[in-house]
$ cat entry-v5.cif   # mmCIF, C-alpha atoms; chains and numbers go by the auth columns
data_data
#
loop_
_atom_site.group_PDB
_atom_site.id
_atom_site.type_symbol
_atom_site.label_atom_id
_atom_site.label_comp_id
_atom_site.label_asym_id
_atom_site.label_seq_id
_atom_site.Cartn_x
_atom_site.Cartn_y
_atom_site.Cartn_z
_atom_site.B_iso_or_equiv
_atom_site.auth_seq_id
_atom_site.auth_asym_id
ATOM 1 C CA MET A 1 49.158 102.075 112.979 0.00 1 A
ATOM 2 C CA GLN A 2 47.497 104.474 110.551 0.00 2 A
ATOM 3 C CA HIS A 3 48.682 102.394 107.559 0.00 3 A
ATOM 4 C CA LYS A 4 47.138 99.314 109.153 0.00 4 A
ATOM 5 C CA LEU A 5 43.817 101.111 109.620 0.00 5 A
ATOM 6 C CA CYS A 6 43.846 102.350 106.025 0.00 6 A
ATOM 7 C CA TRP A 7 44.586 98.807 104.870 0.00 7 A
ATOM 8 C CA LEU A 8 41.708 97.438 106.965 0.00 8 A
ATOM 9 C CA ARG A 9 39.338 100.069 105.572 0.00 9 A
ATOM 10 C CA GLY A 10 40.474 99.128 102.056 0.00 10 A
ATOM 11 C CA LYS A 11 39.569 95.507 102.807 0.00 11 A
ATOM 12 C CA GLY A 12 36.030 96.549 103.767 0.00 12 A
ATOM 13 C CA VAL A 13 36.473 96.517 107.556 0.00 13 A
ATOM 14 C CA THR A 14 34.624 99.322 109.325 0.00 14 A
ATOM 15 C CA VAL A 15 37.114 101.592 111.103 0.00 15 A
ATOM 16 C CA ASN A 16 35.557 104.288 113.255 0.00 16 A
ATOM 17 C CA CYS A 17 37.322 107.448 114.304 0.00 17 A
ATOM 18 C CA PRO A 18 36.908 108.175 118.043 0.00 18 A
ATOM 19 C CA GLY A 19 35.930 111.735 117.112 0.00 19 A
ATOM 20 C CA GLY A 20 33.384 110.591 114.512 0.00 20 A
ATOM 21 C CA HIS A 21 35.123 112.280 111.564 0.00 21 A
ATOM 22 C CA GLU A 22 34.238 110.830 108.170 0.00 22 A
ATOM 23 C CA GLY A 23 37.225 109.194 106.474 0.00 23 A
ATOM 24 C CA CYS A 24 39.470 109.602 109.527 0.00 24 A
ATOM 25 C CA THR A 25 41.824 106.717 110.361 0.00 25 A
ATOM 26 C CA ALA A 26 42.665 107.790 113.921 0.00 26 A
ATOM 27 C CA SER A 27 42.438 105.068 116.535 0.00 27 A
ATOM 28 C CA LEU A 28 42.751 107.353 119.580 0.00 28 A
ATOM 29 C CA PRO A 29 41.058 110.579 120.600 0.00 29 A
ATOM 30 C CA VAL A 30 43.147 113.679 119.872 0.00 30 A
ATOM 31 C CA HIS A 31 43.910 114.404 123.532 0.00 31 A
ATOM 32 C CA ALA A 32 44.567 110.797 124.590 0.00 32 A
ATOM 33 C CA PRO A 33 48.008 110.389 126.204 0.00 33 A
ATOM 34 C CA LEU A 34 50.395 108.098 124.386 0.00 34 A
ATOM 35 C CA PHE A 35 52.131 105.619 126.639 0.00 35 A
ATOM 36 C CA GLU A 36 54.687 103.655 124.645 0.00 36 A
ATOM 37 C CA TYR A 37 54.499 100.546 126.824 0.00 37 A
ATOM 38 C CA ASP A 38 50.678 100.427 126.695 0.00 38 A
ATOM 39 C CA ARG A 39 50.582 100.988 122.929 0.00 39 A
ATOM 40 C CA GLY A 40 53.214 98.295 122.422 0.00 40 A
ATOM 41 C CA LYS A 41 51.248 95.907 124.610 0.00 41 A
ATOM 42 C CA SER A 42 48.056 96.672 122.669 0.00 42 A
ATOM 43 C CA ILE A 43 49.785 96.036 119.334 0.00 43 A
ATOM 44 C CA GLY A 44 51.418 92.863 120.664 0.00 44 A
ATOM 45 C CA THR A 45 48.075 91.536 121.915 0.00 45 A
ATOM 46 C CA GLU A 46 46.424 92.128 118.534 0.00 46 A
ATOM 47 C CA LEU A 47 49.252 90.322 116.767 0.00 47 A
ATOM 48 C CA ALA A 48 49.479 87.448 119.264 0.00 48 A
ATOM 49 C CA LEU A 49 45.774 86.709 118.833 0.00 49 A
ATOM 50 C CA GLN A 50 46.444 86.337 115.111 0.00 50 A
ATOM 51 C CA ASN A 51 49.464 84.061 115.804 0.00 51 A
ATOM 52 C CA VAL A 52 51.863 86.691 114.462 0.00 52 A
ATOM 53 C CA LEU A 53 55.136 86.803 116.396 0.00 53 A
ATOM 54 C CA ILE A 54 57.488 89.779 116.380 0.00 54 A
ATOM 55 C CA LYS A 55 61.213 89.006 116.572 0.00 55 A
ATOM 56 C CA TYR A 56 62.623 92.545 116.175 0.00 56 A
ATOM 57 C CA ALA A 57 61.111 95.888 117.160 0.00 57 A
ATOM 58 C CA LYS A 58 62.784 99.127 116.075 0.00 58 A
ATOM 59 C CA THR A 59 62.195 101.722 118.770 0.00 59 A
ATOM 60 C CA ASP A 60 63.531 104.902 120.265 0.00 60 A
ATOM 61 C CA GLY A 61 66.134 105.041 123.013 0.00 61 A
ATOM 62 C CA ASP A 62 64.225 103.613 125.967 0.00 62 A
ATOM 63 C CA GLY A 63 62.446 100.802 124.104 0.00 63 A
ATOM 64 C CA ARG A 64 59.302 100.791 126.247 0.00 64 A
ATOM 65 C CA SER A 65 57.113 99.907 123.264 0.00 65 A
ATOM 66 C CA ALA A 66 59.239 96.818 122.544 0.00 66 A
ATOM 67 C CA ALA A 67 58.851 95.759 126.192 0.00 67 A
ATOM 68 C CA GLY A 68 55.068 96.093 125.848 0.00 68 A
ATOM 69 C CA ILE A 69 55.035 93.983 122.685 0.00 69 A
ATOM 70 C CA GLU A 70 57.168 91.314 124.349 0.00 70 A
ATOM 71 C CA ASP A 71 55.033 91.201 127.510 0.00 71 A
ATOM 72 C CA SER A 72 51.831 90.751 125.528 0.00 72 A
ATOM 73 C CA LEU A 73 53.323 88.044 123.291 0.00 73 A
ATOM 74 C CA LYS A 74 54.596 86.126 126.340 0.00 74 A
ATOM 75 C CA ILE A 75 51.029 85.624 127.545 0.00 75 A
ATOM 76 C CA LEU A 76 50.333 83.245 124.654 0.00 76 A
ATOM 77 C CA HIS A 77 53.938 82.305 123.855 0.00 77 A
ATOM 78 C CA PRO A 78 55.876 82.245 127.180 0.00 78 A
ATOM 79 C CA MET A 79 59.246 81.341 125.640 0.00 79 A
ATOM 80 C CA TRP A 80 59.175 84.097 122.993 0.00 80 A
ATOM 81 C CA SER A 81 61.375 87.185 123.237 0.00 81 A
ATOM 82 C CA VAL A 82 61.471 90.399 121.230 0.00 82 A
ATOM 83 C CA GLU A 83 64.820 91.978 120.418 0.00 83 A
ATOM 84 C CA ARG A 84 64.814 95.765 120.496 0.00 84 A
ATOM 85 C CA LEU A 85 66.668 97.571 117.741 0.00 85 A
ATOM 86 C CA ALA A 86 67.432 101.230 118.378 0.00 86 A
ATOM 87 C CA ASP A 87 66.939 103.640 115.506 0.00 87 A
ATOM 88 C CA PRO A 88 70.158 105.062 113.979 0.00 88 A
ATOM 89 C CA SER A 89 70.058 108.448 115.739 0.00 89 A
ATOM 90 C CA HIS A 90 69.710 106.887 119.198 0.00 90 A
ATOM 91 C CA LEU A 91 72.289 104.238 118.376 0.00 91 A
ATOM 92 C CA ALA A 92 74.806 106.868 117.264 0.00 92 A
ATOM 93 C CA ALA A 93 74.296 108.894 120.437 0.00 93 A
ATOM 94 C CA ALA A 94 74.810 105.791 122.569 0.00 94 A
ATOM 95 C CA GLN A 95 77.992 104.853 120.687 0.00 95 A
ATOM 96 C CA PHE A 96 79.387 108.361 121.097 0.00 96 A
ATOM 97 C CA SER A 97 78.602 108.352 124.812 0.00 97 A
ATOM 98 C CA HIS A 98 80.179 104.946 125.424 0.00 98 A
ATOM 99 C CA CYS A 99 83.325 105.842 123.529 0.00 99 A
ATOM 100 C CA TYR A 100 83.643 109.259 125.175 0.00 100 A
ATOM 101 C CA ASN A 101 83.141 107.819 128.677 0.00 101 A
ATOM 102 C CA ALA A 102 85.437 104.818 128.158 0.00 102 A
ATOM 103 C CA LYS A 103 88.587 104.598 130.269 0.00 103 A
ATOM 104 C CA PHE A 104 91.744 104.924 128.172 0.00 104 A
ATOM 105 C CA SER A 105 95.350 104.949 129.316 0.00 105 A
ATOM 106 C CA ASP A 106 96.944 108.344 129.976 0.00 106 A
ATOM 107 C CA GLU A 107 99.254 107.874 126.989 0.00 107 A
ATOM 108 C CA MET A 108 96.429 107.111 124.544 0.00 108 A
ATOM 109 C CA PHE A 109 95.785 110.714 123.480 0.00 109 A
ATOM 110 C CA PRO A 110 98.293 113.465 122.731 0.00 110 A
ATOM 111 C CA GLY A 111 98.182 116.679 124.731 0.00 111 A
ATOM 112 C CA LYS A 112 99.742 118.300 127.751 0.00 112 A
ATOM 113 C CA THR A 113 96.607 118.872 129.811 0.00 113 A
ATOM 114 C CA ARG A 114 93.471 116.871 130.579 0.00 114 A
ATOM 115 C CA LEU A 115 91.491 119.417 128.533 0.00 115 A
ATOM 116 C CA ASP A 116 93.743 118.911 125.472 0.00 116 A
ATOM 117 C CA LYS A 117 93.437 115.132 125.776 0.00 117 A
ATOM 118 C CA GLY A 118 89.655 115.470 126.224 0.00 118 A
ATOM 119 C CA LYS A 119 89.375 117.352 122.931 0.00 119 A
ATOM 120 C CA VAL A 120 91.180 114.559 121.082 0.00 120 A
ATOM 121 C CA LYS A 121 89.028 111.951 122.842 0.00 121 A
ATOM 122 C CA LYS A 122 85.913 113.822 121.679 0.00 122 A
ATOM 123 C CA ILE A 123 87.192 113.791 118.093 0.00 123 A
ATOM 124 C CA LEU A 124 87.768 110.028 118.320 0.00 124 A
ATOM 125 C CA SER A 125 84.243 109.517 119.685 0.00 125 A
ATOM 126 C CA GLN A 126 82.763 111.539 116.834 0.00 126 A
ATOM 127 C CA ASP A 127 84.824 109.571 114.283 0.00 127 A
ATOM 128 C CA VAL A 128 83.522 106.277 115.691 0.00 128 A
ATOM 129 C CA ILE A 129 79.925 107.213 114.881 0.00 129 A
ATOM 130 C CA GLY A 130 80.559 109.146 111.712 0.00 130 A
#

$ encode --input "entry-v5.cif" --output "structure tokens"
Amino acid sequence: MQHKLCWLRGKGVTVNCPGGHEGCTASLPVHAPLFEYDRGKSIGTELALQNVLIKYAKTDGDGRSAAGIEDSLKILHPMWSVERLADPSHLAAAQFSHCYNAKFSDEMFPGKTRLDKGKVKKILSQDVIG
């Protein structure tokens, strides 16, 4: 958002800091809470009014900002959908978790005890993401 505000200022658009600081590009007061869904909806509304459609949104694990963008775009473009792309660190954690929690046959991993087999399963899960 800050890059957009700097770009607007460079194009001669007046951008005012909520705190009144000269040269500041902030769009929110310092102590304003950040709600991902609301910020996404705000960004989506701005873009929809300019007929700019977002197909992919790269977000953190829960993707609330992408949901906000999609909801705001659907007001003007009801058939449009936004696909959320998780960033690499969240994607890797999800892949590890799915692999580690997957059900494998008892003969899949070597070891005499469940703990021994669990250690090998953890190594496999780490190899999948690494």

$ residues_around --input "entry-v5.cif" --residues "region 110-114 of chain A" --least-positions-apart "6" --cutoff "12 Å" --atoms "only C-alpha atoms" --output "ChimeraX atom specification"
/A:120-121,124

$ closest_residue --input "entry-v5.cif" --among "A:Val13, A:Ala66, A:Leu115, A:Leu53" --to "Glu83 (chain A)" --atoms "only C-alpha atoms"
A:Ala66

$ closest_residue --input "entry-v5.cif" --among "A:Arg84, A:Tyr37, A:Lys74, A:Ser65" --to "Asn51 (chain A)" --atoms "all atoms listed in the file"
A:Lys74

$ closest_residue --input "entry-v5.cif" --among "A:Leu76, A:Val128, A:Ile123, A:Ile69" --to "Ala93 (chain A)" --atoms "all atoms listed in the file"
A:Val128

$ resolve_selection --input "entry-v5.cif" --expression "the PyMOL selection byres ((chain A and resi 38-40) around 8)" --output "list in words"
Leu34, Phe35, Glu36, Tyr37, Lys41, Ser42, Ile43, Gly44, Arg64, Ser65, Ala66, Ala67, Gly68 and Ile69 of chain A

$ write_last_selection --input "entry-v5.cif" --atoms "C-alpha atoms" --output "CSV table (one decimal), in the coordinates of the input"
chain,number,residue,atom,x,y,z
A,34,LEU,CA,50.4,108.1,124.4
A,35,PHE,CA,52.1,105.6,126.6
A,36,GLU,CA,54.7,103.7,124.6
A,37,TYR,CA,54.5,100.5,126.8
A,41,LYS,CA,51.2,95.9,124.6
A,42,SER,CA,48.1,96.7,122.7
A,43,ILE,CA,49.8,96.0,119.3
A,44,GLY,CA,51.4,92.9,120.7
A,64,ARG,CA,59.3,100.8,126.2
A,65,SER,CA,57.1,99.9,123.3
A,66,ALA,CA,59.2,96.8,122.5
A,67,ALA,CA,58.9,95.8,126.2
A,68,GLY,CA,55.1,96.1,125.8
A,69,ILE,CA,55.0,94.0,122.7

$ closest_residue --input "entry-v5.cif" --among "A:Thr45, A:Lys11, A:Ser72, A:Asp127" --to "Gln95 (chain A)" --atoms "only C-alpha atoms"
A:Asp127

$ atom_distance --input "entry-v5.cif" --atom1 "CA of Gly10 (chain A)" --atom2 "CA of Leu47 (chain A)"
19.3 Å

$ closest_residue --input "entry-v5.cif" --among "A:Gly12, A:Asp116, A:Glu46, A:Thr59" --to "Leu91 (chain A)" --atoms "only C-alpha atoms"
A:Thr59

$ atom_distance --input "entry-v5.cif" --atom1 "CA of Ala94 (chain A)" --atom2 "CA of Trp80 (chain A)"
26.7 Å

$ axis_aligned_box --input "entry-v5.cif" --around "region 114-122 of chain A" --padding-each-side "6 Å" --output "AutoDock Vina command-line options"
--center_x 89.8 --center_y 115.7 --center_z 125.8 --size_x 19.8 --size_y 19.5 --size_z 21.5
